[in-house]
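> Got a structure here, written out as structure tokens. Questions coming.
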Amino acid sequence: MLHRLLLFVLCLAYANAAIWRFSELVPQIRQAITQIFVTNLTVIDSAESNRHADEHGRLQHQLQRSNGKWDSSHPRHRLLTALHGFCRYKERNLAETKKWRDWYKQIPKRQRSIVESSVHYTRKLNTVDHLFETNERVAHAIVDNGLRFYNISQTELDEFTQENEREGRATDKTSVSQAMKHFVRDWSAEGLDERQEAFPCVLNALANVSRAAHHPMRVLVPGAGIGRLAHDISGLGGFEVTMNEWSAYMNLAYRYVSELSVPDGVVFHPYIDWWSHHATTTDLQRPVSFPDQLADPLSVLSVEGDFTTVFAAETGKYDVIVTLFFIDTARNLVSYLENIHRLLRPGGRWINLGPLLYGSAPFLQLSLDEIVALSERIGFKFEETEATCGEITVTGTTIRGKEVAYARNGRGLSKNAYEAQFWQAKKPE
Ligand SMILES: C[S@@+](CC[C@H](N)C(=O)[O-])C[C@H]1O[C@@H](n2cnc3c(N)ncnc32)[C@H](O)[C@@H]1O
């Protein structure tokens with residue numbers, strides 16, 4: 001009898017998952033299904049489904065035009081701007097190669113004919129133009145998925161796009177490119193080496209945390225990019241994982257990748273927009289497929305928005321906060337540290353790995369020893385760290401430095417890496 005009951009519950013779970021994927025196209029159907037399953041059929045992942053339904057409602061509310069002042073910092077405006085950016089992927093990149101063609105024409109005809117007969121430079125330009133069309137299909141799929149997920153009509157996007165273009169506002173080619181290149185770091189086999197440099201220290205620290213399946217530990221990953229670390233943490237089992245990301249470009253890319261249902265089913269050419277540091281033209285033009293592993297969107301909750309404000313109501317909620325290549329994105333680092341401290345429950349832990357690469361007009365730029373002093377003042381107690389995570393960086397601390405790459409072209413001739421700093425700090429009971 002018990003076996004039969006278990007089998008029945010399992011079948012329901014599978015049916016739930018299958019219908020969920022089927023209903024990817026229509027968020028409202030998804031919400032309705034959540035309610036049916038939550039109220040009538042199974043309690044297995046009802047808490048998780050509720051979390052997702054609640055967040056979906058919050059997101060929809062946040063995106064309403066009437067919610068706050070309508071300007072370029074409104075969440076819907078930022079989302080439409082990012083959608084516009086992905087829409088114009090090909091045009092922006094072809095404008096760039098057009099420039100390269102014009103520059104090439106500056107070479108005297110005699111020299112050009114040597115170049116053509118030896119390396120077929122025009123053919124290379126033509127091939128790359130053609131490959132941008134493959135990439136454009138991915139960019140458009142991101143847009144289509146985004147319109148469905150966020151419940152935005154094509155008409156609204158078209159009107160927004162037309163107005164932007166009438167007023168001469170250019171799209172942000174760099175943010176589009178960075179978000180798409182993140183598929184390599186996070187969701188391709190090619191990114192595995194890079195992930196293997198960064199993830200094990202964090203995952204091992206979490207694997208040692210004692211936890212139980214019926215009472216999962218709550219983990220928050222702010223500045224999560226397109227979410228691989230958050231999903232790998234969830235894969236450890238016994239963690240209820242929430243990721244947070246502010247960039248609408250990253251969020252669109254994440255929503256897209258997390259809805260894919262065929263492993264390695266998408267192919268694109270991530271390196272064609274930058275011709276420096278290539279050993280061969282084949283390397284430059286090579287395809288990369290993703291996702292190397294499917295990301296179950298239900299296993300991780302994605303909360304979109306600014307880390308310093310979007311969790312205002314969640315004081316003391318999390319057991320662990322993991323910051324990966326994140327804390328140096330702060331304009332106000334003190335606010336980040338205070339927010340991490342506030343969101344942790346007493347006894348909770350902060351795990352960090354990343355560089356100190358300050359950007360975007362930071363209000364203050366602290367050295368590592370100053371971050372330690374400030375964090376201790378805010379109330380953190382730094383703990384011992386594994387020797388496998390590098391050498392101690394500053395004598396007298398437990399913080400270790402480890403060479404870690406970020407968004408590297410594994411076959412490129414430039415090896416950009418950071419001495420990323422790893423630490424674990426506790427909020428005392
Ligand atoms: C350097 S990236 C690292 C992404 C990811 N953790 C990884 O290692 O691949 C930093 C990320 O933090 C995000 N970010 C910056 N400020 C943020 C904020 N205030 N709240 C949430 N995310 C933020 C950026 O959009 C970006 O995706």
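Order determines the names: the first chain of the structure tokens is A, the second B, and so forth; residues in each chain are numbered 1 upward, and ligands are numbered 1 upward as they are shown.
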Output as a tab-separated table one row per residue of chain A within 9 Å of ligand 1: the closest atom pair and its distance in Å to one decimal place, counting only C-alpha atoms and all ligand atoms, sorted by chain and residue number ascending.

```
residue	atom	partner	partner_atom_place_in_ligand_line	distance
A:Ala179	CA	ligand 1	27 (O)	8.2
A:His182	CA	ligand 1	9 (O)	7.1
A:Arg185	CA	ligand 1	9 (O)	7.0
A:Asp186	CA	ligand 1	9 (O)	6.8
A:Arg195	CA	ligand 1	8 (O)	8.9
A:Ala198	CA	ligand 1	8 (O)	8.3
A:Val221	CA	ligand 1	6 (N)	7.8
A:Pro222	CA	ligand 1	21 (C)	5.6
A:Gly223	CA	ligand 1	12 (O)	3.4
A:Ala224	CA	ligand 1	6 (N)	4.1
A:Gly225	CA	ligand 1	4 (C)	3.9
A:Ile226	CA	ligand 1	9 (O)	6.9
A:Gly227	CA	ligand 1	5 (C)	7.2
A:Arg228	CA	ligand 1	9 (O)	7.8
A:Leu229	CA	ligand 1	6 (N)	7.6
A:Asn244	CA	ligand 1	21 (C)	5.7
A:Glu245	CA	ligand 1	22 (N)	4.0
A:Trp246	CA	ligand 1	22 (N)	4.0
A:Ser247	CA	ligand 1	25 (O)	4.3
A:Ala248	CA	ligand 1	25 (O)	7.9
A:Tyr249	CA	ligand 1	25 (O)	8.1
A:Met250	CA	ligand 1	27 (O)	6.1
A:Asn251	CA	ligand 1	27 (O)	8.6
A:Glu304	CA	ligand 1	21 (C)	7.6
A:Gly305	CA	ligand 1	21 (C)	6.0
A:Asp306	CA	ligand 1	20 (N)	3.7
A:Phe307	CA	ligand 1	20 (N)	3.8
A:Thr308	CA	ligand 1	19 (N)	6.0
A:Thr309	CA	ligand 1	19 (N)	8.2
A:Val310	CA	ligand 1	20 (N)	8.4
A:Thr323	CA	ligand 1	6 (N)	6.9
A:Leu324	CA	ligand 1	6 (N)	4.6
A:Phe325	CA	ligand 1	3 (C)	4.7
A:Phe326	CA	ligand 1	10 (C)	4.8
A:Ile327	CA	ligand 1	10 (C)	8.0
A:Asp328	CA	ligand 1	1 (C)	8.1
A:Thr329	CA	ligand 1	15 (C)	5.1
A:Ala330	CA	ligand 1	16 (N)	6.1
A:Arg331	CA	ligand 1	19 (N)	8.2
A:Tyr336	CA	ligand 1	19 (N)	8.2
A:Leu353	CA	ligand 1	8 (O)	8.8
A:Gly354	CA	ligand 1	8 (O)	8.0
A:Leu357	CA	ligand 1	1 (C)	8.9
A:Tyr406	CA	ligand 1	9 (O)	7.5
A:Ala407	CA	ligand 1	9 (O)	8.0
```
> For range 268-274 of chain A, work out the shell of residues within 10 Å, counting only C-alpha atoms and skipping chain neighbours fewer than 2 positions away, then give it as a PyMOL selection string.
chain A and resi 93-94+96-97+125+127-129+131-139+177-178+180-184+266+276-278+281+283-290+409+412
> Just want the 9 Å neighbourhood of Leu252 in chain A, counted on only C-alpha atoms, with same-chain residues fewer than 6 positions away dropped. Output as a list in words.
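Returned residues: Leu79, Ala82, Leu83, Ile142, Val143, Asn145, Gly146, Ala179 and Ile226 of chain A.
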> Counting only C-alpha atoms, what is within 9 Å of range 425-427 of chain A, bar same-chain residues fewer than 6 positions away, as an MDAnalysis selection string?
chainID A and resid 341 344:352 375 379:384
> Now that the selection is made, can you save its residues with N, CA and C atoms as a CSV table (one decimal), in the first residue's frame?

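Once written, out21.csv looks like this:
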```
chain,number,residue,atom,x,y,z
A,341,HIS,N,25.0,41.2,6.3
A,341,HIS,CA,24.9,40.9,7.8
A,341,HIS,C,23.5,40.9,8.2
A,344,LEU,N,21.5,37.7,7.1
A,344,LEU,CA,21.9,36.4,7.7
A,344,LEU,C,21.2,36.2,9.0
A,345,ARG,N,20.8,35.0,9.4
A,345,ARG,CA,20.3,34.7,10.7
A,345,ARG,C,21.5,34.7,11.7
A,346,PRO,N,21.3,34.9,13.0
A,346,PRO,CA,22.5,34.8,13.9
A,346,PRO,C,23.0,33.3,13.7
A,347,GLY,N,24.3,33.2,13.6
A,347,GLY,CA,25.0,31.9,13.4
A,347,GLY,C,25.1,31.6,11.9
A,348,GLY,N,24.6,32.5,11.0
A,348,GLY,CA,24.7,32.3,9.6
A,348,GLY,C,26.1,32.6,9.1
A,349,ARG,N,26.3,32.2,7.8
A,349,ARG,CA,27.7,32.4,7.3
A,349,ARG,C,27.7,33.1,5.9
A,350,TRP,N,28.7,33.9,5.8
A,350,TRP,CA,29.0,34.6,4.5
A,350,TRP,C,30.2,33.9,3.8
A,351,ILE,N,30.0,33.4,2.6
A,351,ILE,CA,31.1,32.8,1.9
A,351,ILE,C,31.4,33.7,0.7
A,352,ASN,N,32.7,34.1,0.5
A,352,ASN,CA,33.0,35.0,-0.6
A,352,ASN,C,34.2,34.5,-1.4
A,375,SER,N,34.3,44.7,8.1
A,375,SER,CA,33.4,43.5,8.3
A,375,SER,C,33.4,43.1,9.7
A,379,GLY,N,30.2,43.2,12.5
A,379,GLY,CA,29.8,42.1,13.3
A,379,GLY,C,30.2,40.7,12.8
A,380,PHE,N,31.0,40.6,11.8
A,380,PHE,CA,31.4,39.3,11.3
A,380,PHE,C,32.6,38.8,12.0
A,381,LYS,N,32.7,37.5,12.1
A,381,LYS,CA,33.8,36.8,12.7
A,381,LYS,C,34.4,35.9,11.6
A,382,PHE,N,35.6,36.2,11.1
A,382,PHE,CA,36.2,35.4,10.1
A,382,PHE,C,36.6,34.1,10.6
A,383,GLU,N,36.4,33.0,9.8
A,383,GLU,CA,36.7,31.6,10.2
A,383,GLU,C,37.9,31.1,9.4
A,384,GLU,N,38.3,29.9,9.9
A,384,GLU,CA,39.4,29.2,9.2
A,384,GLU,C,38.9,28.8,7.8
```
> So which residues of range 204-373 of chain A fall under alpha helix (DSSP H) by DSSP, listed as a PyMOL selection string?
chain A and resi 204-207+228-236+248-257+281-285+307-310+333-343+368-373
> Name all residues at most 9 Å from Val219 in chain A (count only C-alpha atoms; drop same-chain ones fewer than 5 positions away) and give them as a list in words.
Ala230, Ile233, Ser234, Phe239, Glu240, Val241, Thr242, Met243, Tyr318, Asp319, Val320, Ile321 and Val322 of chain A
> Residues of range 358-395 of chain A within 12 Å of range 203-209 of chain A: nearest atom pair and distance (Å, one decimal) for each, counting only C-alpha atoms, sorted by chain and number, as a tab-separated table?

```
residue	atom	partner	partner_atom	distance
A:Glu383	CA	A:Ala205	CA	11.3
A:Glu384	CA	A:Ala205	CA	10.8
A:Thr385	CA	A:Ala205	CA	8.5
A:Glu386	CA	A:Ala205	CA	8.4
A:Ala387	CA	A:Ala205	CA	12.0
A:Thr388	CA	A:Asn204	CA	10.3
A:Cys389	CA	A:Asn204	CA	10.1
```
> Those same residues - C-alpha atoms - I'd like them written as a compact mmCIF listing (two decimals), in the first residue's frame.

```txt
# COMPACT_ATOMS: atom_id res chain seq x y z
CA GLU A 383 36.70 31.65 10.20
CA GLU A 384 39.41 29.19 9.15
CA THR A 385 39.50 28.34 5.43
CA GLU A 386 40.75 25.27 3.55
CA ALA A 387 44.40 25.34 2.46
CA THR A 388 43.27 24.03 -0.96
CA CYS A 389 41.76 27.48 -1.55
```
> Residues of range 163-336 of chain A classed as strand (DSSP E or B) by DSSP on the backbone are to be reported as an NGL selection string.
:A and (212 or 215 or 217-222 or 239-245 or 266-268 or 278 or 288-290 or 300-304 or 318-324)
> Hey, can you check how far CA of Glu91 in chain A sits from CA of Thr122 in chain A?
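Rounded to one decimal, the two atoms are 19.0 Å apart.
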> Which value, in Å to one decimal, gives the distance between CA of Arg255 in chain A and CA of Ala312 in chain A?
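Interatomic distance, CA of Arg255 in chain A to CA of Ala312 in chain A: 23.7 Å.
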